[in-house]
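Here is data_22.tsv, consisting of TSV, C-alpha atoms and all ligand atoms:
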chain	number	residue	atom	x	y	z
C	1	MET	CA	3.59	-11.07	19.27
C	2	LYS	CA	1.67	-13.18	16.83
C	3	LEU	CA	1.18	-11.17	13.65
C	4	LEU	CA	-0.94	-11.64	10.54
C	5	ILE	CA	0.25	-10.05	7.30
C	6	THR	CA	-2.32	-10.16	4.51
C	7	GLY	CA	-1.03	-9.86	0.95
C	8	MET	CA	2.37	-11.26	1.97
C	9	ALA	CA	3.26	-12.33	-1.58
C	10	GLY	CA	2.70	-8.73	-2.67
C	11	PHE	CA	5.26	-5.95	-3.07
C	12	ILE	CA	4.76	-4.30	0.32
C	13	GLY	CA	3.70	-7.45	2.22
C	14	HIS	CA	6.90	-9.28	1.32
C	15	ALA	CA	9.05	-6.34	2.42
C	16	VAL	CA	7.19	-5.99	5.73
C	17	ALA	CA	7.52	-9.72	6.49
C	18	LYS	CA	11.22	-9.60	5.75
C	19	ARG	CA	11.72	-6.57	8.00
C	20	LEU	CA	9.74	-8.07	10.91
C	21	SER	CA	11.35	-11.49	10.70
C	22	GLY	CA	13.98	-12.11	13.35
C	23	GLN	CA	12.40	-9.62	15.77
C	24	GLY	CA	10.90	-12.25	18.08
C	25	HIS	CA	7.43	-12.39	16.51
C	26	GLU	CA	5.48	-15.30	15.09
C	27	ILE	CA	4.35	-14.24	11.61
C	28	VAL	CA	1.57	-15.78	9.56
C	29	GLY	CA	1.21	-14.47	6.00
C	30	ILE	CA	-1.70	-15.06	3.67
C	31	ASP	CA	-2.26	-14.33	-0.01
C	32	ASN	CA	-4.48	-15.74	-2.74
C	33	LEU	CA	-1.68	-15.41	-5.35
C	34	ASN	CA	-4.09	-14.04	-7.95
C	35	ALA	CA	-2.95	-13.43	-11.52
C	36	TYR	CA	-3.45	-9.63	-11.68
C	37	TYR	CA	0.27	-9.57	-12.49
C	38	ASP	CA	2.98	-12.19	-12.99
C	39	VAL	CA	2.38	-14.88	-10.36
C	40	SER	CA	5.98	-16.06	-10.62
C	41	LEU	CA	7.10	-12.73	-9.10
C	42	LYS	CA	4.71	-13.29	-6.17
C	43	GLN	CA	6.04	-16.83	-5.79
C	44	ALA	CA	9.63	-15.57	-5.93
C	45	ARG	CA	8.88	-13.14	-3.09
C	46	LEU	CA	7.57	-16.05	-1.02
C	47	ASP	CA	10.66	-18.09	-1.92
C	48	ASP	CA	12.75	-15.15	-0.73
C	49	LEU	CA	11.07	-15.54	2.68
C	50	ALA	CA	11.60	-19.31	2.80
C	51	GLY	CA	14.67	-19.00	5.06
C	52	CYS	CA	12.68	-17.07	7.68
C	53	GLN	CA	11.83	-19.68	10.34
C	54	ASP	CA	9.35	-17.36	12.06
C	55	VAL	CA	7.27	-16.75	8.90
C	56	ARG	CA	4.54	-19.17	7.80
C	57	PHE	CA	2.53	-18.83	4.58
C	58	LEU	CA	-1.05	-19.91	3.91
C	59	ARG	CA	-2.81	-19.55	0.58
C	60	LEU	CA	-6.19	-18.06	1.31
C	61	ASP	CA	-8.70	-15.76	-0.35
C	62	LEU	CA	-9.89	-12.97	1.93
C	63	ALA	CA	-13.23	-12.93	0.14
C	64	ASP	CA	-13.86	-16.45	1.52
C	65	ARG	CA	-15.78	-15.55	4.64
C	66	ASP	CA	-15.66	-18.95	6.35
C	67	ALA	CA	-11.97	-19.50	5.67
C	68	VAL	CA	-11.08	-16.08	7.11
C	69	ALA	CA	-13.23	-16.64	10.22
C	70	GLU	CA	-11.58	-20.01	10.74
C	71	LEU	CA	-8.09	-18.53	10.32
C	72	PHE	CA	-8.67	-15.89	13.01
C	73	ALA	CA	-10.37	-18.36	15.40
C	74	LYS	CA	-7.58	-20.91	15.04
C	75	GLU	CA	-4.55	-18.65	15.12
C	76	GLY	CA	-5.44	-15.89	17.63
C	77	PHE	CA	-3.47	-12.87	16.32
C	78	ASP	CA	-2.22	-10.02	18.51
C	79	ARG	CA	-1.89	-7.59	15.62
C	80	VAL	CA	-2.84	-7.56	11.94
C	81	ILE	CA	-1.14	-5.78	9.03
C	82	HIS	CA	-3.72	-5.85	6.27
C	83	LEU	CA	-2.16	-5.15	2.88
C	84	ALA	CA	-4.01	-7.55	0.56
C	85	ALA	CA	-6.14	-5.70	-1.97
C	86	GLN	CA	-6.87	-5.33	-5.61
C	87	PRO	CA	-4.62	-2.37	-6.41
C	88	GLY	CA	-4.34	-0.20	-9.51
C	89	VAL	CA	-6.38	2.83	-10.54
C	90	ARG	CA	-6.63	2.07	-14.25
C	91	TYR	CA	-7.64	-1.59	-13.88
C	92	SER	CA	-10.59	-0.52	-11.69
C	93	LEU	CA	-12.23	0.88	-14.83
C	94	GLU	CA	-11.94	-2.51	-16.53
C	95	ASN	CA	-12.74	-4.93	-13.73
C	96	PRO	CA	-14.66	-3.15	-10.96
C	97	HIS	CA	-15.91	-6.38	-9.39
C	98	ALA	CA	-12.37	-7.46	-8.46
C	99	TYR	CA	-12.25	-4.35	-6.22
C	100	ALA	CA	-15.56	-5.13	-4.53
C	101	ASP	CA	-14.45	-8.71	-3.78
C	102	ALA	CA	-10.95	-8.03	-2.44
C	103	ASN	CA	-11.26	-4.51	-1.05
C	104	LEU	CA	-14.81	-4.45	0.33
C	105	ILE	CA	-15.76	-8.07	1.13
C	106	GLY	CA	-12.14	-8.95	1.97
C	107	HIS	CA	-11.78	-5.91	4.23
C	108	LEU	CA	-15.05	-6.68	5.99
C	109	ASN	CA	-13.94	-10.27	6.62
C	110	VAL	CA	-10.68	-8.98	8.13
C	111	LEU	CA	-12.59	-6.54	10.36
C	112	GLU	CA	-14.91	-9.35	11.52
C	113	GLY	CA	-11.91	-11.59	12.20
C	114	CYS	CA	-10.27	-8.82	14.24
C	115	ARG	CA	-13.48	-8.14	16.14
C	116	HIS	CA	-14.15	-11.74	17.13
C	117	GLY	CA	-10.46	-12.53	17.61
C	118	ARG	CA	-10.01	-9.48	19.89
C	119	VAL	CA	-7.02	-8.26	17.88
C	120	GLY	CA	-5.03	-5.54	19.65
C	121	HIS	CA	-4.35	-3.36	16.59
C	122	LEU	CA	-5.37	-3.53	12.94
C	123	VAL	CA	-3.07	-1.56	10.62
C	124	TYR	CA	-4.40	-1.48	7.06
C	125	ALA	CA	-3.40	-0.01	3.71
C	126	SER	CA	-5.31	2.95	2.40
C	127	SER	CA	-4.04	5.08	-0.46
C	128	SER	CA	-3.17	8.60	-1.56
C	129	SER	CA	-5.80	8.07	-4.25
C	130	VAL	CA	-8.50	8.89	-1.65
C	131	TYR	CA	-7.53	12.58	-2.10
C	132	GLY	CA	-9.08	12.27	-5.56
C	133	ALA	CA	-9.91	15.59	-7.17
C	134	ASN	CA	-8.59	17.68	-4.24
C	135	ASP	CA	-6.57	20.73	-5.35
C	136	LYS	CA	-5.01	21.71	-2.05
C	137	VAL	CA	-1.47	20.43	-1.55
C	138	PRO	CA	0.20	18.94	0.36
C	139	PHE	CA	-2.53	16.40	1.05
C	140	ASP	CA	-3.30	16.21	4.74
C	141	THR	CA	-5.37	13.62	6.61
C	142	SER	CA	-7.47	16.50	7.99
C	143	ASP	CA	-8.60	17.34	4.42
C	144	HIS	CA	-12.02	16.16	3.33
C	145	VAL	CA	-11.80	13.28	0.87
C	146	ASP	CA	-15.28	13.03	-0.58
C	147	HIS	CA	-14.46	13.20	-4.28
C	148	PRO	CA	-12.78	9.95	-5.36
C	149	ILE	CA	-12.26	9.70	-9.11
C	150	SER	CA	-11.77	5.94	-9.45
C	151	LEU	CA	-13.54	2.95	-7.96
C	152	TYR	CA	-10.19	1.89	-6.48
C	153	ALA	CA	-10.07	5.16	-4.53
C	154	ALA	CA	-13.69	4.77	-3.46
C	155	THR	CA	-12.98	1.29	-2.03
C	156	LYS	CA	-9.97	2.61	-0.10
C	157	LYS	CA	-12.06	5.44	1.35
C	158	ALA	CA	-14.73	2.85	2.17
C	159	ASN	CA	-12.07	0.83	4.03
C	160	GLU	CA	-11.42	3.82	6.28
C	161	LEU	CA	-15.14	4.30	6.96
C	162	MET	CA	-15.64	0.60	7.71
C	163	ALA	CA	-12.62	0.60	10.04
C	164	HIS	CA	-14.01	3.62	11.90
C	165	THR	CA	-17.28	1.81	12.48
C	166	TYR	CA	-15.51	-1.20	13.99
C	167	SER	CA	-13.29	1.03	16.13
C	168	HIS	CA	-16.40	2.77	17.45
C	169	LEU	CA	-18.63	-0.25	17.93
C	170	TYR	CA	-16.17	-2.87	19.14
C	171	GLU	CA	-13.25	-0.86	20.54
C	172	LEU	CA	-11.02	-2.33	17.83
C	173	PRO	CA	-7.94	-0.08	17.49
C	174	THR	CA	-7.47	0.59	13.77
C	175	THR	CA	-4.91	2.65	11.85
C	176	GLY	CA	-5.25	3.40	8.15
C	177	LEU	CA	-2.09	4.26	6.22
C	178	ARG	CA	-2.39	6.25	3.02
C	179	PHE	CA	0.59	5.16	0.97
C	180	PHE	CA	1.95	7.42	-1.78
C	181	THR	CA	3.30	5.80	-5.01
C	182	VAL	CA	5.55	3.11	-3.56
C	183	TYR	CA	8.55	1.93	-5.59
C	184	GLY	CA	11.70	-0.09	-5.08
C	185	PRO	CA	13.12	-3.62	-5.36
C	186	TRP	CA	10.52	-6.40	-5.80
C	187	GLY	CA	8.08	-3.73	-7.03
C	188	ARG	CA	4.86	-4.12	-8.98
C	189	PRO	CA	5.02	-4.72	-12.75
C	190	ASP	CA	1.88	-2.58	-13.34
C	191	MET	CA	3.54	0.56	-11.96
C	192	ALA	CA	5.61	3.23	-13.74
C	193	MET	CA	8.94	2.38	-12.09
C	194	PHE	CA	8.79	-1.18	-13.41
C	195	LYS	CA	7.26	-0.38	-16.80
C	196	PHE	CA	9.73	2.42	-17.56
C	197	THR	CA	12.75	0.32	-16.61
C	198	ARG	CA	11.60	-2.68	-18.63
C	199	ALA	CA	10.85	-0.59	-21.74
C	200	ILE	CA	13.98	1.56	-21.56
C	201	LEU	CA	16.23	-1.49	-21.18
C	202	ALA	CA	14.45	-3.15	-24.12
C	203	GLY	CA	14.79	0.01	-26.27
C	204	GLU	CA	10.99	0.32	-26.44
C	205	PRO	CA	8.96	3.55	-26.03
C	206	ILE	CA	7.49	4.43	-22.63
C	207	GLN	CA	3.97	5.82	-22.32
C	208	VAL	CA	4.05	9.19	-20.57
C	209	PHE	CA	0.58	10.34	-19.56
C	210	ASN	CA	-0.79	13.88	-19.48
C	211	HIS	CA	2.12	14.71	-21.83
C	212	GLY	CA	4.48	14.46	-18.84
C	213	ASP	CA	2.69	17.17	-16.88
C	214	MET	CA	2.21	15.15	-13.70
C	215	SER	CA	3.98	14.79	-10.39
C	216	ARG	CA	4.02	12.08	-7.78
C	217	ASP	CA	5.24	11.84	-4.23
C	218	PHE	CA	7.34	8.74	-4.95
C	219	THR	CA	8.03	6.83	-1.74
C	220	TYR	CA	10.77	4.25	-1.41
C	221	ILE	CA	9.72	0.82	-0.10
C	222	ASP	CA	12.04	0.88	2.96
C	223	ASP	CA	10.44	4.13	4.11
C	224	ILE	CA	6.96	2.65	3.79
C	225	VAL	CA	8.04	-0.44	5.72
C	226	GLU	CA	9.64	1.63	8.49
C	227	GLY	CA	6.45	3.65	8.80
C	228	ILE	CA	4.30	0.51	9.04
C	229	VAL	CA	6.53	-1.13	11.63
C	230	ARG	CA	6.64	1.97	13.83
C	231	ILE	CA	2.89	2.61	13.55
C	232	LEU	CA	2.21	-0.97	14.65
C	233	ASP	CA	3.28	0.10	18.17
C	234	VAL	CA	1.30	3.34	18.12
C	235	VAL	CA	-2.03	1.87	19.15
C	236	PRO	CA	-4.86	4.42	18.98
C	237	GLU	CA	-6.96	4.89	22.10
C	238	ARG	CA	-10.45	6.22	22.77
C	239	ARG	CA	-10.29	9.99	23.21
C	240	VAL	CA	-12.30	12.83	24.60
C	241	VAL	CA	-12.88	15.22	21.69
C	242	SER	CA	-15.29	18.14	21.91
C	243	SER	CA	-16.29	18.06	18.24
C	244	VAL	CA	-15.33	15.87	15.31
C	245	ASP	CA	-17.49	17.69	12.77
C	246	ASP	CA	-14.69	19.53	10.98
C	247	GLN	CA	-11.88	17.08	11.53
C	248	PRO	CA	-12.13	14.06	9.23
C	249	ASP	CA	-9.09	12.36	10.83
C	250	THR	CA	-10.15	12.92	14.43
C	251	SER	CA	-12.45	10.59	16.28
C	252	ARG	CA	-13.51	9.60	19.75
C	253	ALA	CA	-13.07	5.98	18.71
C	254	PRO	CA	-9.64	4.25	18.82
C	255	TYR	CA	-9.05	5.14	15.21
C	256	ALA	CA	-6.17	6.83	13.38
C	257	LEU	CA	-5.12	7.76	9.86
C	258	TYR	CA	-1.68	8.73	8.54
C	259	ASN	CA	-0.07	9.58	5.24
C	260	ILE	CA	3.14	7.72	4.44
C	261	GLY	CA	4.81	9.57	1.60
C	262	HIS	CA	8.25	10.99	0.99
C	263	GLY	CA	6.81	14.48	1.38
C	264	SER	CA	8.20	15.97	-1.82
C	265	PRO	CA	6.54	15.71	-5.23
C	266	VAL	CA	8.73	14.74	-8.21
C	267	ALA	CA	7.80	15.78	-11.75
C	268	LEU	CA	7.20	12.78	-13.99
C	269	MET	CA	9.90	13.85	-16.46
C	270	GLU	CA	12.39	14.17	-13.61
C	271	PHE	CA	11.52	10.59	-12.67
C	272	VAL	CA	12.09	9.51	-16.29
C	273	ARG	CA	15.51	11.24	-16.19
C	274	ALA	CA	16.38	9.31	-13.01
C	275	VAL	CA	15.54	6.01	-14.75
C	276	GLU	CA	17.63	7.07	-17.77
C	277	GLN	CA	20.55	7.84	-15.51
C	278	ALA	CA	20.25	4.57	-13.58
C	279	THR	CA	19.95	2.45	-16.73
C	280	GLY	CA	22.46	4.45	-18.76
C	281	ARG	CA	20.00	4.53	-21.66
C	282	GLU	CA	17.81	7.20	-23.22
C	283	ALA	CA	14.03	6.91	-23.00
C	284	VAL	CA	11.84	7.13	-26.09
C	285	CYS	CA	8.74	8.95	-24.83
C	286	ASP	CA	5.30	8.28	-26.27
C	287	PHE	CA	3.33	11.26	-24.90
C	288	GLN	CA	-0.30	10.44	-24.16
C	289	PRO	CA	-3.30	12.38	-22.77
C	290	MET	CA	-4.43	12.08	-19.16
C	291	GLN	CA	-5.83	8.66	-18.26
C	292	PRO	CA	-9.33	8.52	-16.80
C	293	GLY	CA	-9.21	7.94	-13.03
C	294	ASP	CA	-5.69	9.39	-12.68
C	295	VAL	CA	-4.87	12.51	-10.65
C	296	PRO	CA	-2.36	15.11	-11.88
C	297	ARG	CA	-0.37	15.34	-8.66
C	298	THR	CA	0.14	13.80	-5.23
C	299	TRP	CA	2.05	15.24	-2.31
C	300	ALA	CA	1.94	13.97	1.27
C	301	ASP	CA	1.95	16.06	4.39
C	302	THR	CA	3.99	13.80	6.68
C	303	GLU	CA	3.92	15.86	9.90
C	304	ALA	CA	1.41	13.61	11.67
C	305	LEU	CA	3.51	10.52	10.91
C	306	PHE	CA	6.58	12.30	12.29
C	307	GLU	CA	4.77	13.39	15.44
C	308	ALA	CA	3.49	9.86	16.07
C	309	THR	CA	6.67	7.93	15.24
C	310	GLY	CA	9.60	10.35	15.10
C	311	TYR	CA	10.22	9.11	11.57
C	312	ARG	CA	10.43	10.92	8.25
C	313	PRO	CA	10.86	9.01	4.98
C	314	LYS	CA	14.45	9.47	3.84
C	315	VAL	CA	15.30	7.91	0.49
C	316	GLY	CA	15.32	10.38	-2.41
C	317	VAL	CA	14.26	9.46	-5.92
C	318	GLN	CA	17.76	9.29	-7.50
C	319	GLU	CA	18.95	6.80	-4.92
C	320	GLY	CA	15.69	4.83	-4.84
C	321	VAL	CA	15.54	4.48	-8.63
C	322	ARG	CA	19.18	3.40	-8.70
C	323	ARG	CA	18.44	0.66	-6.16
C	324	PHE	CA	15.40	-0.50	-8.12
C	325	VAL	CA	17.28	-0.72	-11.41
C	326	GLU	CA	20.09	-2.63	-9.72
C	327	TRP	CA	17.56	-5.12	-8.32
C	328	TYR	CA	15.74	-5.36	-11.68
C	329	ARG	CA	18.94	-6.14	-13.56
C	330	GLY	CA	19.92	-8.79	-11.04
C	331	TYR	CA	16.46	-10.37	-10.98
C	332	TYR	CA	15.88	-10.46	-14.73
C	333	GLY	CA	19.53	-10.81	-15.70
C	334	ASP	CA	19.30	-7.74	-17.99
C	401	LIG	N1	2.23	0.11	-4.15
C	401	LIG	C1	1.67	1.32	-4.03
C	401	LIG	O1	2.15	2.32	-4.61
C	401	LIG	C2	0.46	1.52	-3.17
C	401	LIG	C3	-0.03	2.83	-3.02
C	401	LIG	C4	-1.15	3.03	-2.22
C	401	LIG	C5	-1.75	1.97	-1.59
C	401	LIG	N2	-1.27	0.70	-1.78
C	401	LIG	C6	-1.97	-0.40	-1.09
C	401	LIG	O2	-0.99	-1.17	-0.38
C	401	LIG	C7	-1.39	-2.53	-0.34
C	401	LIG	C8	-0.28	-3.40	-0.87
C	401	LIG	O3	-0.02	-3.02	-2.22
C	401	LIG	P1	1.12	-3.67	-3.10
C	401	LIG	O4	1.70	-2.60	-3.92
C	401	LIG	O5	1.98	-4.52	-2.25
C	401	LIG	O6	0.23	-4.58	-4.07
C	401	LIG	P2	0.41	-6.11	-4.51
C	401	LIG	O7	-0.63	-6.37	-5.54
C	401	LIG	O8	1.83	-6.36	-4.88
C	401	LIG	O9	0.07	-6.90	-3.19
C	401	LIG	C9	-1.24	-7.24	-2.80
C	401	LIG	C10	-1.30	-8.74	-2.57
C	401	LIG	O10	-2.62	-9.05	-2.12
C	401	LIG	C11	-3.01	-10.27	-2.71
C	401	LIG	N3	-4.47	-10.31	-2.76
C	401	LIG	C12	-5.29	-9.58	-3.55
C	401	LIG	N4	-6.58	-9.93	-3.32
C	401	LIG	C13	-6.55	-10.89	-2.35
C	401	LIG	C14	-7.55	-11.65	-1.71
C	401	LIG	N5	-8.86	-11.50	-2.00
C	401	LIG	N6	-7.17	-12.56	-0.76
C	401	LIG	C15	-5.86	-12.72	-0.46
C	401	LIG	N7	-4.87	-12.05	-1.07
C	401	LIG	C16	-5.21	-11.13	-2.00
C	401	LIG	C17	-2.38	-10.25	-4.10
C	401	LIG	O11	-2.20	-11.56	-4.61
C	401	LIG	C18	-1.05	-9.54	-3.85
C	401	LIG	O12	0.01	-10.45	-3.65
C	401	LIG	C19	-2.69	-2.61	-1.14
C	401	LIG	O13	-3.76	-2.51	-0.22
C	401	LIG	C20	-2.65	-1.37	-2.01
C	401	LIG	O14	-3.93	-0.96	-2.38
C	401	LIG	C21	-0.17	0.45	-2.55
What does the file become when written as structure tokens?
Ligand SMILES: NC(=O)c1ccc[n+]([C@@H]2O[C@H](COP(=O)([O-])OP(=O)(O)OC[C@H]3O[C@@H](n4cnc5c(N)ncnc54)[C@H](O)[C@@H]3O)[C@@H](O)[C@H]2O)c1
Amino acid sequence: MKLLITGMAGFIGHAVAKRLSGQGHEIVGIDNLNAYYDVSLKQARLDDLAGCQDVRFLRLDLADRDAVAELFAKEGFDRVIHLAAQPGVRYSLENPHAYADANLIGHLNVLEGCRHGRVGHLVYASSSSVYGANDKVPFDTSDHVDHPISLYAATKKANELMAHTYSHLYELPTTGLRFFTVYGPWGRPDMAMFKFTRAILAGEPIQVFNHGDMSRDFTYIDDIVEGIVRILDVVPERRVVSSVDDQPDTSRAPYALYNIGHGSPVALMEFVRAVEQATGREAVCDFQPMQPGDVPRTWADTEALFEATGYRPKVGVQEGVRRFVEWYRGYYGD
């Protein structure tokens, strides 16, 4: 198959490209290599893919409508894995327009490309942040998600709504994947895993929000990648459904939504302990109040993913953190 991966220089995009390389596909990856975080890390991920003969990279901004239309018309993709976005909850309070450009305009341009290019399946990244202020755990795709508490979350929810419209109107099969706090080698410098490791190794304090009273369903990168790759072959079809009123994840259109999370929440301080253990150093904690836009807990119900793919995320936090710290030390020579 000919595949497009958007955001291929990103944390998850790089890992997906690496996993799919050598499987008989032709892979085109795009990214605008923006400077939201260290561009040299994005470049290093692309360099890491340089030996993959079946992977081609093009620098392109998804907000550029004409360039995206031309890409789809010229290449003719069978399937699209759309991961490019402006991520980060906290940064969406500072620079909301970056989210409108990448996540709304960019997503629309991808949908239009898929529509006109008659793409067989669009798999795109949503986020656990769409669960917003929901109290009920574990979070399930059948829960209503109408109370986002950051613009980032609102754009991800908008992505799901836009995808549904295209599935309904143009028979475009779309699957949204709500990822839960992804971590692991080649991870993102704006996330806790990276920040904690860097600070602890440097003997600097780490900022611990909500005084440590938080939990996250930390999900190891390989589990996310396995979920994406398996879901790529689970193409949603039009269905006969008597009523969709009370079932936010059910539709007559060829449209699907899944959580990909480990399925077990980890207390933030337990996560800090895992980083201490992996680094062999003690953390100096700078306890801070809750950050605006943040949620106190996330926890994925992963039954639907299991039913669709036969897969359950496997890597526990001790092992995952150990692998990240090992990668970090090798990469930065610490
Ligand atoms: N990492 C997580 O914990 C997590 C959790 C939930 C959802 N997600 C979602 O998963 C996807 C991938 O996240 P990630 O962690 O790999 O982030 P990332 O920032 O490492 O990767 C995203 C890539 O997209 C590129 N990009 C951004 N705007 C673009 C544009 N307009 N045109 C082309 N390229 C553009 C960036 O340069 C970057 O390389 C995102 O959609 C993100 O919102 C990630």
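Across C:Ala300, C:Met290, C:Ile200, C:Cys114, the tightest approach to ligand LIG 401 (chain C) is made by C:Ala300 when counting all atoms listed in the file.
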Using all atoms listed in the file - which residues lie no farther than 6 Å from the point (13.5, 3.4, 3.9) in the file's frame? Write them as JSON, numbers by chain.
{"C": [222, 223, 315]}
So which residues touch Ser242 (chain C) within 10 Å, counting only C-alpha atoms, skipping near sequence neighbours fewer than 2 positions away, as a PyMOL selection string?
chain C and resi 239-240+244-245+251-252
For the selection just defined, write its residues with C-alpha atoms to a file, as a PDB file, in the coordinates of the input.
ATOM      1  CA  ARG C 239     -10.290   9.990  23.210  1.00  0.00           C
ATOM      2  CA  VAL C 240     -12.300  12.830  24.600  1.00  0.00           C
ATOM      3  CA  VAL C 244     -15.330  15.870  15.310  1.00  0.00           C
ATOM      4  CA  ASP C 245     -17.490  17.690  12.770  1.00  0.00           C
ATOM      5  CA  SER C 251     -12.450  10.590  16.280  1.00  0.00           C
ATOM      6  CA  ARG C 252     -13.510   9.600  19.750  1.00  0.00           C
TER       7      ARG C 252
END
Return as a PyMOL selection string the residues of protein, DNA or RNA that approach ligand LIG 401 (chain C) to within 6 Å, with all atoms listed in the file taken into account.
chain C and resi 7+9-13+31-34+60-63+83-87+102+106+125-128+179-182+188
Pick from C:Thr298, C:Thr250, C:Thr141, C:Thr219: nearest to Val321 (chain C), with only C-alpha atoms counted?
C:Thr219
